$ cat data.tsv   # TSV, C-alpha atoms
chain	number	residue	atom	x	y	z
O	403	MET	CA	-20.01	-5.92	26.75
O	404	THR	CA	-19.60	-3.14	24.22
O	405	ILE	CA	-16.32	-1.47	23.39
O	406	SER	CA	-17.47	1.78	24.93
O	407	ASN	CA	-18.30	0.04	28.21
O	408	GLU	CA	-14.99	-1.83	28.21
O	409	LEU	CA	-13.02	1.33	27.63
O	410	ALA	CA	-15.03	3.11	30.34
O	411	THR	CA	-13.64	0.71	32.94
O	412	GLY	CA	-10.19	2.31	32.77
O	413	HIS	CA	-8.66	1.67	29.35
O	414	TRP	CA	-9.36	5.04	27.70
O	415	ALA	CA	-5.94	6.47	28.58
O	416	ALA	CA	-4.12	3.34	27.42
O	417	ALA	CA	-6.04	3.24	24.14
O	418	ALA	CA	-5.37	6.94	23.54
O	419	ALA	CA	-1.65	6.39	24.19
O	420	VAL	CA	-1.64	3.53	21.66
O	421	PHE	CA	-3.20	5.70	18.95
O	422	LEU	CA	-0.87	8.58	19.77
O	423	LEU	CA	2.16	6.32	19.28
O	424	ALA	CA	0.70	4.77	16.13
O	425	GLY	CA	-0.03	8.24	14.75
O	426	VAL	CA	3.57	9.33	15.34
O	427	ILE	CA	4.88	6.29	13.46
O	428	LYS	CA	2.48	6.90	10.58
O	429	GLY	CA	3.46	10.56	10.49
O	430	VAL	CA	7.15	9.68	10.18
O	431	VAL	CA	7.11	6.75	7.71
O	432	GLY	CA	3.61	6.95	6.22
O	433	LEU	CA	2.28	3.58	7.39
O	434	GLY	CA	1.91	1.32	10.41
O	435	LEU	CA	-1.07	2.81	12.29
O	436	PRO	CA	-3.36	-0.26	11.96
O	437	THR	CA	-0.53	-2.71	12.69
O	438	VAL	CA	0.81	-0.91	15.76
O	439	SER	CA	-2.67	-0.24	17.10
O	440	MET	CA	-3.88	-3.80	16.63
O	441	ALA	CA	-0.73	-5.28	18.18
O	442	LEU	CA	-0.99	-3.16	21.33
O	443	LEU	CA	-4.77	-3.00	21.75
O	444	ALA	CA	-4.95	-6.79	21.50
O	445	LEU	CA	-3.02	-6.97	24.77
O	446	TRP	CA	-6.25	-6.29	26.65
O	447	MET	CA	-9.18	-6.56	24.22
O	448	PRO	CA	-10.36	-9.03	21.57
O	449	PRO	CA	-9.05	-8.30	18.05
O	450	VAL	CA	-12.55	-7.69	16.69
O	451	ARG	CA	-13.05	-4.86	19.18
O	452	ALA	CA	-9.62	-3.43	18.43
O	453	ALA	CA	-10.43	-3.50	14.72
O	454	ALA	CA	-13.67	-1.64	15.38
O	455	LEU	CA	-11.76	1.15	17.13
O	456	LEU	CA	-9.48	1.45	14.09
O	457	ILE	CA	-12.17	2.42	11.59
O	458	ALA	CA	-12.26	6.20	12.05
O	459	PRO	CA	-8.56	6.80	12.91
O	460	SER	CA	-7.37	4.70	9.97
O	461	LEU	CA	-9.64	6.36	7.42
O	462	VAL	CA	-9.14	9.93	8.63
O	463	THR	CA	-5.35	9.68	9.01
O	464	ASN	CA	-5.12	8.17	5.52
O	465	LEU	CA	-7.17	11.08	4.18
O	466	TRP	CA	-4.91	13.50	6.08
O	467	GLN	CA	-1.91	11.86	4.47
O	468	THR	CA	-3.25	12.66	0.98
O	469	GLY	CA	-2.39	16.36	1.50
O	470	PRO	CA	-1.22	18.94	0.64
O	471	ARG	CA	-3.75	19.89	-2.01
O	472	ALA	CA	-1.14	21.72	-4.11
O	473	THR	CA	0.56	18.45	-5.05
O	474	PHE	CA	-2.46	16.13	-4.79
O	475	ARG	CA	-3.56	16.26	-8.42
O	476	PRO	CA	-0.11	15.68	-9.98
O	477	VAL	CA	0.50	12.69	-7.69
O	478	LEU	CA	-3.00	11.30	-8.30
O	479	ARG	CA	-2.59	11.62	-12.08
O	480	ARG	CA	0.60	9.59	-11.89
O	481	ILE	CA	-0.93	6.77	-9.80
O	482	GLY	CA	-4.54	7.01	-11.03
O	483	GLY	CA	-4.31	3.77	-13.00
O	484	MET	CA	-3.04	2.01	-9.92
O	485	GLN	CA	-6.06	3.24	-7.93
O	486	MET	CA	-8.47	1.88	-10.53
O	487	GLY	CA	-6.66	-1.44	-10.32
O	488	ILE	CA	-7.03	-1.44	-6.54
O	489	VAL	CA	-10.80	-0.94	-6.83
O	490	VAL	CA	-11.20	-3.73	-9.37
O	491	GLY	CA	-8.83	-6.11	-7.57
O	492	THR	CA	-10.34	-5.60	-4.12
O	493	LEU	CA	-13.98	-5.89	-5.14
O	494	GLY	CA	-13.24	-8.73	-7.54
O	495	GLY	CA	-11.23	-10.53	-4.88
O	496	ALA	CA	-13.99	-10.07	-2.31
O	497	LEU	CA	-16.55	-11.56	-4.70
O	498	TRP	CA	-14.26	-14.34	-5.89
O	499	LEU	CA	-12.46	-15.36	-2.69
O	500	GLY	CA	-15.04	-14.26	-0.15
O	501	VAL	CA	-12.95	-14.82	2.99
O	502	PRO	CA	-9.31	-14.43	3.98
O	503	ALA	CA	-7.12	-17.27	2.79
O	504	GLY	CA	-5.61	-17.88	6.20
O	505	ALA	CA	-2.32	-17.48	8.05
O	506	TRP	CA	-0.18	-18.65	5.13
O	507	ALA	CA	-1.00	-15.47	3.20
O	508	SER	CA	0.11	-13.20	6.05
O	509	VAL	CA	3.31	-15.20	6.50
O	510	ALA	CA	4.14	-14.91	2.81
O	511	LEU	CA	3.42	-11.18	2.75
O	512	GLY	CA	5.38	-10.55	5.94
O	513	ALA	CA	8.37	-12.46	4.61
O	514	ALA	CA	8.20	-10.50	1.35
O	515	LEU	CA	8.19	-7.20	3.23
O	516	VAL	CA	11.20	-8.21	5.34
O	517	ALA	CA	13.11	-9.37	2.26
O	518	TYR	CA	12.34	-6.16	0.37
O	519	ALA	CA	13.30	-3.96	3.32
O	520	LEU	CA	16.59	-5.79	3.91
O	521	TRP	CA	17.37	-5.58	0.19
O	522	GLY	CA	16.66	-1.84	0.25
O	523	LEU	CA	18.80	-1.29	3.34
O	524	THR	CA	21.80	-2.67	1.44
O	525	GLY	CA	21.63	0.45	-0.71
O	526	ARG	CA	19.84	-0.98	-3.72
O	527	GLN	CA	16.50	0.36	-4.91
O	528	LEU	CA	13.98	-0.73	-7.50
O	529	HIS	CA	13.22	1.67	-10.33
O	530	VAL	CA	10.22	1.70	-12.69
O	531	PRO	CA	10.85	3.51	-16.02
O	532	ALA	CA	8.24	6.17	-16.77
O	533	ALA	CA	7.32	4.39	-20.02
O	534	HIS	CA	6.13	1.34	-18.04
O	535	GLU	CA	3.99	3.17	-15.48
O	536	ARG	CA	0.87	3.31	-17.64
O	537	TRP	CA	0.44	-0.47	-17.90
O	538	LEU	CA	2.29	-1.56	-14.75
O	539	GLY	CA	0.35	0.70	-12.36
O	540	PRO	CA	-3.06	-0.94	-12.97
O	541	LEU	CA	-1.49	-4.41	-12.68
O	542	VAL	CA	0.15	-3.52	-9.36
O	543	GLY	CA	-3.12	-2.00	-8.18
O	544	ALA	CA	-5.08	-5.13	-9.10
O	545	ALA	CA	-2.52	-7.33	-7.34
O	546	THR	CA	-2.69	-5.08	-4.26
O	547	GLY	CA	-6.48	-5.32	-4.34
O	548	LEU	CA	-6.40	-9.11	-4.44
O	549	VAL	CA	-3.95	-9.20	-1.55
O	550	THR	CA	-6.19	-6.79	0.37
O	551	ALA	CA	-9.24	-8.97	-0.22
O	552	VAL	CA	-7.34	-12.06	0.98
O	553	THR	CA	-5.55	-10.60	4.01
O	554	GLY	CA	-6.86	-7.09	4.75
O	555	VAL	CA	-3.28	-5.80	4.29
O	556	PHE	CA	-2.75	-3.29	1.49
O	557	VAL	CA	0.98	-2.51	1.53
O	558	VAL	CA	2.13	-5.25	-0.91
O	559	PRO	CA	2.97	-4.74	-3.71
O	560	ALA	CA	1.74	-1.14	-3.53
O	561	VAL	CA	4.44	0.33	-1.28
O	562	PRO	CA	7.49	-1.18	-3.06
O	563	TYR	CA	6.00	-0.03	-6.38
O	564	LEU	CA	5.38	3.53	-5.16
O	565	GLN	CA	8.91	3.72	-3.81
O	566	ALA	CA	10.23	2.46	-7.16
O	567	LEU	CA	8.55	5.39	-8.93
O	568	GLY	CA	11.19	7.68	-7.47
O	569	PHE	CA	8.90	10.04	-5.56
O	570	GLN	CA	10.53	12.55	-3.26
O	571	ARG	CA	10.01	11.98	0.47
O	572	ASP	CA	6.79	13.98	0.99
O	573	ALA	CA	5.34	12.94	-2.38
O	574	LEU	CA	5.90	9.28	-1.46
O	575	ILE	CA	4.02	9.79	1.82
O	576	GLN	CA	1.20	11.47	-0.12
O	577	ALA	CA	1.06	8.71	-2.74
O	578	MET	CA	0.82	6.09	0.00
O	579	GLY	CA	-1.95	8.11	1.64
O	580	ILE	CA	-3.95	8.15	-1.60
O	581	SER	CA	-3.42	4.43	-2.13
O	582	PHE	CA	-4.25	3.50	1.47
O	583	THR	CA	-7.40	5.64	1.40
O	584	THR	CA	-8.59	3.91	-1.76
O	585	SER	CA	-7.88	0.49	-0.26
O	586	THR	CA	-9.56	1.33	3.05
O	587	VAL	CA	-12.76	2.62	1.45
O	588	VAL	CA	-13.06	-0.22	-1.06
O	589	LEU	CA	-12.28	-2.85	1.59
O	590	ALA	CA	-14.98	-1.35	3.83
O	591	ILE	CA	-17.43	-1.62	0.93
O	592	GLY	CA	-16.46	-5.24	0.43
O	593	LEU	CA	-16.86	-6.00	4.13
O	594	ALA	CA	-20.20	-4.23	4.26
O	595	GLY	CA	-21.37	-6.33	1.33
O	596	ASN	CA	-20.51	-9.45	3.32
O	597	GLY	CA	-22.16	-8.14	6.49
O	598	SER	CA	-18.79	-8.02	8.28
O	599	TYR	CA	-18.38	-4.29	8.82
O	600	PRO	CA	-18.49	-3.51	12.56
O	601	ALA	CA	-20.79	-0.61	13.40
O	602	SER	CA	-21.19	-0.96	17.17
O	603	ALA	CA	-18.18	1.10	18.19
O	604	VAL	CA	-18.59	4.33	16.24
O	605	GLY	CA	-18.34	6.52	19.34
O	606	GLY	CA	-15.18	4.89	20.65
O	607	SER	CA	-13.60	4.91	17.21
O	608	VAL	CA	-14.30	8.62	16.72
O	609	ALA	CA	-12.91	9.33	20.19
O	610	MET	CA	-9.57	7.80	19.13
O	611	LEU	CA	-9.28	10.31	16.28
O	612	LEU	CA	-7.83	13.05	18.50
O	613	PRO	CA	-4.77	11.14	19.78
O	614	ALA	CA	-4.18	9.59	16.34
O	615	LEU	CA	-4.22	12.99	14.63
O	616	ALA	CA	-2.05	14.51	17.36
O	617	GLY	CA	0.45	11.73	16.79
O	618	MET	CA	0.43	12.36	13.04
O	619	VAL	CA	1.13	16.05	13.60
O	620	LEU	CA	4.11	15.17	15.78
O	621	GLY	CA	5.30	12.49	13.37
O	622	THR	CA	5.06	14.86	10.39
O	623	TRP	CA	7.07	17.45	12.32
O	624	LEU	CA	9.74	14.83	13.00
O	625	ARG	CA	9.79	13.64	9.37
O	626	GLN	CA	10.43	17.14	8.08
O	627	ARG	CA	13.52	17.33	10.27
O	628	LEU	CA	15.01	14.02	9.13
O	629	SER	CA	17.57	13.86	6.37
O	630	VAL	CA	16.58	11.93	3.23
O	631	ALA	CA	18.98	9.12	4.14
O	632	VAL	CA	17.64	8.83	7.70
O	633	PHE	CA	14.04	8.92	6.46
O	634	ARG	CA	14.77	6.14	3.97
O	635	ARG	CA	16.31	3.97	6.69
O	636	CYS	CA	13.34	4.63	8.99
O	637	PHE	CA	10.93	3.82	6.17
O	638	LEU	CA	12.59	0.52	5.29
O	639	ALA	CA	13.01	-0.40	8.95
O	640	GLY	CA	9.29	0.27	9.40
O	641	LEU	CA	8.51	-2.12	6.54
O	642	ALA	CA	10.77	-4.77	8.06
O	643	LEU	CA	9.11	-4.47	11.48
O	644	LEU	CA	5.68	-4.64	9.87
O	645	GLY	CA	6.72	-7.82	8.06
O	646	VAL	CA	8.14	-9.40	11.21
O	647	TYR	CA	4.94	-8.62	13.09
O	648	MET	CA	2.79	-10.13	10.33
O	649	VAL	CA	4.79	-13.37	10.35
O	650	ALA	CA	4.90	-13.64	14.15
O	651	HIS	CA	1.18	-12.86	14.51
O	652	ALA	CA	0.21	-15.42	11.87
O	653	LEU	CA	2.35	-18.15	13.41
O	654	ALA	CA	1.39	-17.43	17.01

$ encode --input "data.tsv" --output "structure tokens"
Amino acid sequence: MTISNELATGHWAAAAAVFLLAGVIKGVVGLGLPTVSMALLALWMPPVRAAALLIAPSLVTNLWQTGPRATFRPVLRRIGGMQMGIVVGTLGGALWLGVPAGAWASVALGAALVAYALWGLTGRQLHVPAAHERWLGPLVGAATGLVTAVTGVFVVPAVPYLQALGFQRDALIQAMGISFTTSTVVLAIGLAGNGSYPASAVGGSVAMLLPALAGMVLGTWLRQRLSVAVFRRCFLAGLALLGVYMVAHALA
């Protein structure tokens, strides 16, 4: 049974609601759409089919998050070395490691996210001096790429590093959008090279774009009305929940 046929039996509304919610969360804190979508869609469909539905919404919402164009180039210049590292690390990891390393990697990453979020919620924050960005960015990018190749998750160590650069709220969201877009595209290339890129659910995936984008619009509207302190708490809480989910899913 194809995804389109399965959704046609009565799950279209539920799937759209999932992507609407995931889009809102991504619009507010800048991440979480794949995690939320996978967790909820897996309640009634196999993970491989849920992942197939994610292709278009994940890529397009990440591209959306790279705006606005007025600040795109300054942000990209600052994290350009990191993006090159992501490309090298992801493709190199895909060639070297070939397949995900297993549940242990997701548990370790999830625990790291929870620890970082809890540390940040105590009021402390990492800071990267500007003089170190030129050499540290590519290293962080390469490490993120390797983690992506092993687990398919591209938030560690990218997100803590981007937050440590001291970006303002909207610039941080934009920087994450650029980084996530790079990781998504390069990971798709790596999967395609291994013959693992699902192409049977293009129609269903494209159909989920509308609710995902609507959710992002709503989430962006909400983010712009949050104070910096509230946004920071929401952001760190989002990281903690993502980490908890990764650990629980891997151990289940």

$ residues_around --input "data.tsv" --residues "Ala551 (chain O)" --least-positions-apart "3" --cutoff "6 Å" --atoms "only C-alpha atoms" --output "PyMOL selection string"
chain O and resi 492+495-496+548+554

$ residues_around --input "data.tsv" --residues "Pro540 (chain O)" --least-positions-apart "3" --cutoff "8 Å" --atoms "all atoms listed in the file" --output "PyMOL selection string"
chain O and resi 483-488+536-537+543-544

$ write_last_selection --input "data.tsv" --atoms "C-alpha atoms" --output "mmCIF file, in the frame of the given file"
data_model
loop_
_atom_site.group_PDB
_atom_site.id
_atom_site.type_symbol
_atom_site.label_atom_id
_atom_site.label_comp_id
_atom_site.auth_asym_id
_atom_site.auth_seq_id
_atom_site.Cartn_x
_atom_site.Cartn_y
_atom_site.Cartn_z
ATOM 1 C CA GLY O 483 -4.310 3.770 -13.000
ATOM 2 C CA MET O 484 -3.040 2.010 -9.920
ATOM 3 C CA GLN O 485 -6.060 3.240 -7.930
ATOM 4 C CA MET O 486 -8.470 1.880 -10.530
ATOM 5 C CA GLY O 487 -6.660 -1.440 -10.320
ATOM 6 C CA ILE O 488 -7.030 -1.440 -6.540
ATOM 7 C CA ARG O 536 0.870 3.310 -17.640
ATOM 8 C CA TRP O 537 0.440 -0.470 -17.900
ATOM 9 C CA GLY O 543 -3.120 -2.000 -8.180
ATOM 10 C CA ALA O 544 -5.080 -5.130 -9.100
#

$ residues_around --input "data.tsv" --residues "region 627-632 of chain O" --least-positions-apart "6" --cutoff "12 Å" --atoms "all atoms listed in the file" --output "number ranges by chain"
O: 430-431, 522-523, 525, 569-572, 574, 620-621, 638-639

$ write_last_selection --input "data.tsv" --atoms "C-alpha atoms" --output "mmCIF file, keeping the file's coordinate frame"
data_model
loop_
_atom_site.group_PDB
_atom_site.id
_atom_site.type_symbol
_atom_site.label_atom_id
_atom_site.label_comp_id
_atom_site.auth_asym_id
_atom_site.auth_seq_id
_atom_site.Cartn_x
_atom_site.Cartn_y
_atom_site.Cartn_z
ATOM 1 C CA VAL O 430 7.150 9.680 10.180
ATOM 2 C CA VAL O 431 7.110 6.750 7.710
ATOM 3 C CA GLY O 522 16.660 -1.840 0.250
ATOM 4 C CA LEU O 523 18.800 -1.290 3.340
ATOM 5 C CA GLY O 525 21.630 0.450 -0.710
ATOM 6 C CA PHE O 569 8.900 10.040 -5.560
ATOM 7 C CA GLN O 570 10.530 12.550 -3.260
ATOM 8 C CA ARG O 571 10.010 11.980 0.470
ATOM 9 C CA ASP O 572 6.790 13.980 0.990
ATOM 10 C CA LEU O 574 5.900 9.280 -1.460
ATOM 11 C CA LEU O 620 4.110 15.170 15.780
ATOM 12 C CA GLY O 621 5.300 12.490 13.370
ATOM 13 C CA LEU O 638 12.590 0.520 5.290
ATOM 14 C CA ALA O 639 13.010 -0.400 8.950
#

$ closest_residue --input "data.tsv" --among "O:Gly605, O:Gly482, O:Gly579, O:Gly512" --to "Ile457 (chain O)" --atoms "all atoms listed in the file"
O:Gly605

$ residues_around --input "data.tsv" --residues "Pro613 (chain O)" --least-positions-apart "6" --cutoff "6 Å" --atoms "only C-alpha atoms" --output "mmCIF file with C-alpha atoms, in the frame of the given file"
data_model
loop_
_atom_site.group_PDB
_atom_site.id
_atom_site.type_symbol
_atom_site.label_atom_id
_atom_site.label_comp_id
_atom_site.auth_asym_id
_atom_site.auth_seq_id
_atom_site.Cartn_x
_atom_site.Cartn_y
_atom_site.Cartn_z
ATOM 1 C CA ALA O 418 -5.370 6.940 23.540
ATOM 2 C CA PHE O 421 -3.200 5.700 18.950
ATOM 3 C CA LEU O 422 -0.870 8.580 19.770
#

$ atom_distance --input "data.tsv" --atom1 "CA of Tyr518 (chain O)" --atom2 "CA of Ala650 (chain O)"
17.4 Å

$ decode --input "data.tsv" --residues "region 466-487 of chain O" --atoms "N, CA and C atoms" --output "PDB file, in the first residue's frame"
ATOM      1  N   TRP O 466      12.546  28.405   3.953  1.00  0.00           N
ATOM      2  CA  TRP O 466      11.785  29.557   4.435  1.00  0.00           C
ATOM      3  C   TRP O 466      12.517  30.214   5.597  1.00  0.00           C
ATOM      4  N   GLN O 467      13.057  29.392   6.472  1.00  0.00           N
ATOM      5  CA  GLN O 467      13.700  29.888   7.680  1.00  0.00           C
ATOM      6  C   GLN O 467      14.997  30.638   7.385  1.00  0.00           C
ATOM      7  N   THR O 468      15.527  30.513   6.160  1.00  0.00           N
ATOM      8  CA  THR O 468      16.758  31.226   5.825  1.00  0.00           C
ATOM      9  C   THR O 468      16.514  32.713   5.555  1.00  0.00           C
ATOM     10  N   GLY O 469      15.261  33.132   5.439  1.00  0.00           N
ATOM     11  CA  GLY O 469      14.948  34.545   5.223  1.00  0.00           C
ATOM     12  C   GLY O 469      15.035  35.335   6.519  1.00  0.00           C
ATOM     13  N   PRO O 470      14.980  36.674   6.410  1.00  0.00           N
ATOM     14  CA  PRO O 470      14.789  37.504   5.223  1.00  0.00           C
ATOM     15  C   PRO O 470      16.079  37.716   4.441  1.00  0.00           C
ATOM     16  N   ARG O 471      15.918  38.072   3.155  1.00  0.00           N
ATOM     17  CA  ARG O 471      17.076  38.220   2.289  1.00  0.00           C
ATOM     18  C   ARG O 471      18.001  39.356   2.734  1.00  0.00           C
ATOM     19  N   ALA O 472      17.450  40.373   3.384  1.00  0.00           N
ATOM     20  CA  ALA O 472      18.271  41.519   3.781  1.00  0.00           C
ATOM     21  C   ALA O 472      19.396  41.133   4.727  1.00  0.00           C
ATOM     22  N   THR O 473      19.176  40.128   5.559  1.00  0.00           N
ATOM     23  CA  THR O 473      20.195  39.723   6.527  1.00  0.00           C
ATOM     24  C   THR O 473      20.834  38.379   6.171  1.00  0.00           C
ATOM     25  N   PHE O 474      20.418  37.791   5.037  1.00  0.00           N
ATOM     26  CA  PHE O 474      20.915  36.460   4.683  1.00  0.00           C
ATOM     27  C   PHE O 474      22.422  36.466   4.451  1.00  0.00           C
ATOM     28  N   ARG O 475      22.910  37.382   3.657  1.00  0.00           N
ATOM     29  CA  ARG O 475      24.328  37.366   3.293  1.00  0.00           C
ATOM     30  C   ARG O 475      25.246  37.616   4.494  1.00  0.00           C
ATOM     31  N   PRO O 476      24.938  38.589   5.372  1.00  0.00           N
ATOM     32  CA  PRO O 476      25.803  38.762   6.545  1.00  0.00           C
ATOM     33  C   PRO O 476      25.849  37.523   7.446  1.00  0.00           C
ATOM     34  N   VAL O 477      24.694  36.881   7.641  1.00  0.00           N
ATOM     35  CA  VAL O 477      24.664  35.676   8.469  1.00  0.00           C
ATOM     36  C   VAL O 477      25.429  34.546   7.789  1.00  0.00           C
ATOM     37  N   LEU O 478      25.228  34.381   6.472  1.00  0.00           N
ATOM     38  CA  LEU O 478      25.912  33.317   5.742  1.00  0.00           C
ATOM     39  C   LEU O 478      27.415  33.523   5.760  1.00  0.00           C
ATOM     40  N   ARG O 479      27.868  34.773   5.607  1.00  0.00           N
ATOM     41  CA  ARG O 479      29.314  35.030   5.657  1.00  0.00           C
ATOM     42  C   ARG O 479      29.908  34.588   6.994  1.00  0.00           C
ATOM     43  N   ARG O 480      29.151  34.817   8.055  1.00  0.00           N
ATOM     44  CA  ARG O 480      29.665  34.491   9.380  1.00  0.00           C
ATOM     45  C   ARG O 480      29.721  32.981   9.614  1.00  0.00           C
ATOM     46  N   ILE O 481      28.814  32.230   9.022  1.00  0.00           N
ATOM     47  CA  ILE O 481      28.774  30.776   9.261  1.00  0.00           C
ATOM     48  C   ILE O 481      29.121  29.986   8.006  1.00  0.00           C
ATOM     49  N   GLY O 482      29.711  30.654   6.995  1.00  0.00           N
ATOM     50  CA  GLY O 482      30.039  29.972   5.743  1.00  0.00           C
ATOM     51  C   GLY O 482      31.014  28.827   5.938  1.00  0.00           C
ATOM     52  N   GLY O 483      32.032  29.037   6.780  1.00  0.00           N
ATOM     53  CA  GLY O 483      32.997  27.969   7.037  1.00  0.00           C
ATOM     54  C   GLY O 483      32.346  26.757   7.671  1.00  0.00           C
ATOM     55  N   MET O 484      31.383  27.013   8.529  1.00  0.00           N
ATOM     56  CA  MET O 484      30.649  25.920   9.165  1.00  0.00           C
ATOM     57  C   MET O 484      29.881  25.115   8.120  1.00  0.00           C
ATOM     58  N   GLN O 485      29.287  25.795   7.136  1.00  0.00           N
ATOM     59  CA  GLN O 485      28.524  25.096   6.099  1.00  0.00           C
ATOM     60  C   GLN O 485      29.425  24.212   5.248  1.00  0.00           C
ATOM     61  N   MET O 486      30.619  24.699   4.941  1.00  0.00           N
ATOM     62  CA  MET O 486      31.563  23.872   4.178  1.00  0.00           C
ATOM     63  C   MET O 486      31.949  22.635   4.983  1.00  0.00           C
ATOM     64  N   GLY O 487      32.126  22.818   6.296  1.00  0.00           N
ATOM     65  CA  GLY O 487      32.425  21.676   7.151  1.00  0.00           C
ATOM     66  C   GLY O 487      31.301  20.668   7.164  1.00  0.00           C
TER      67      GLY O 487
END
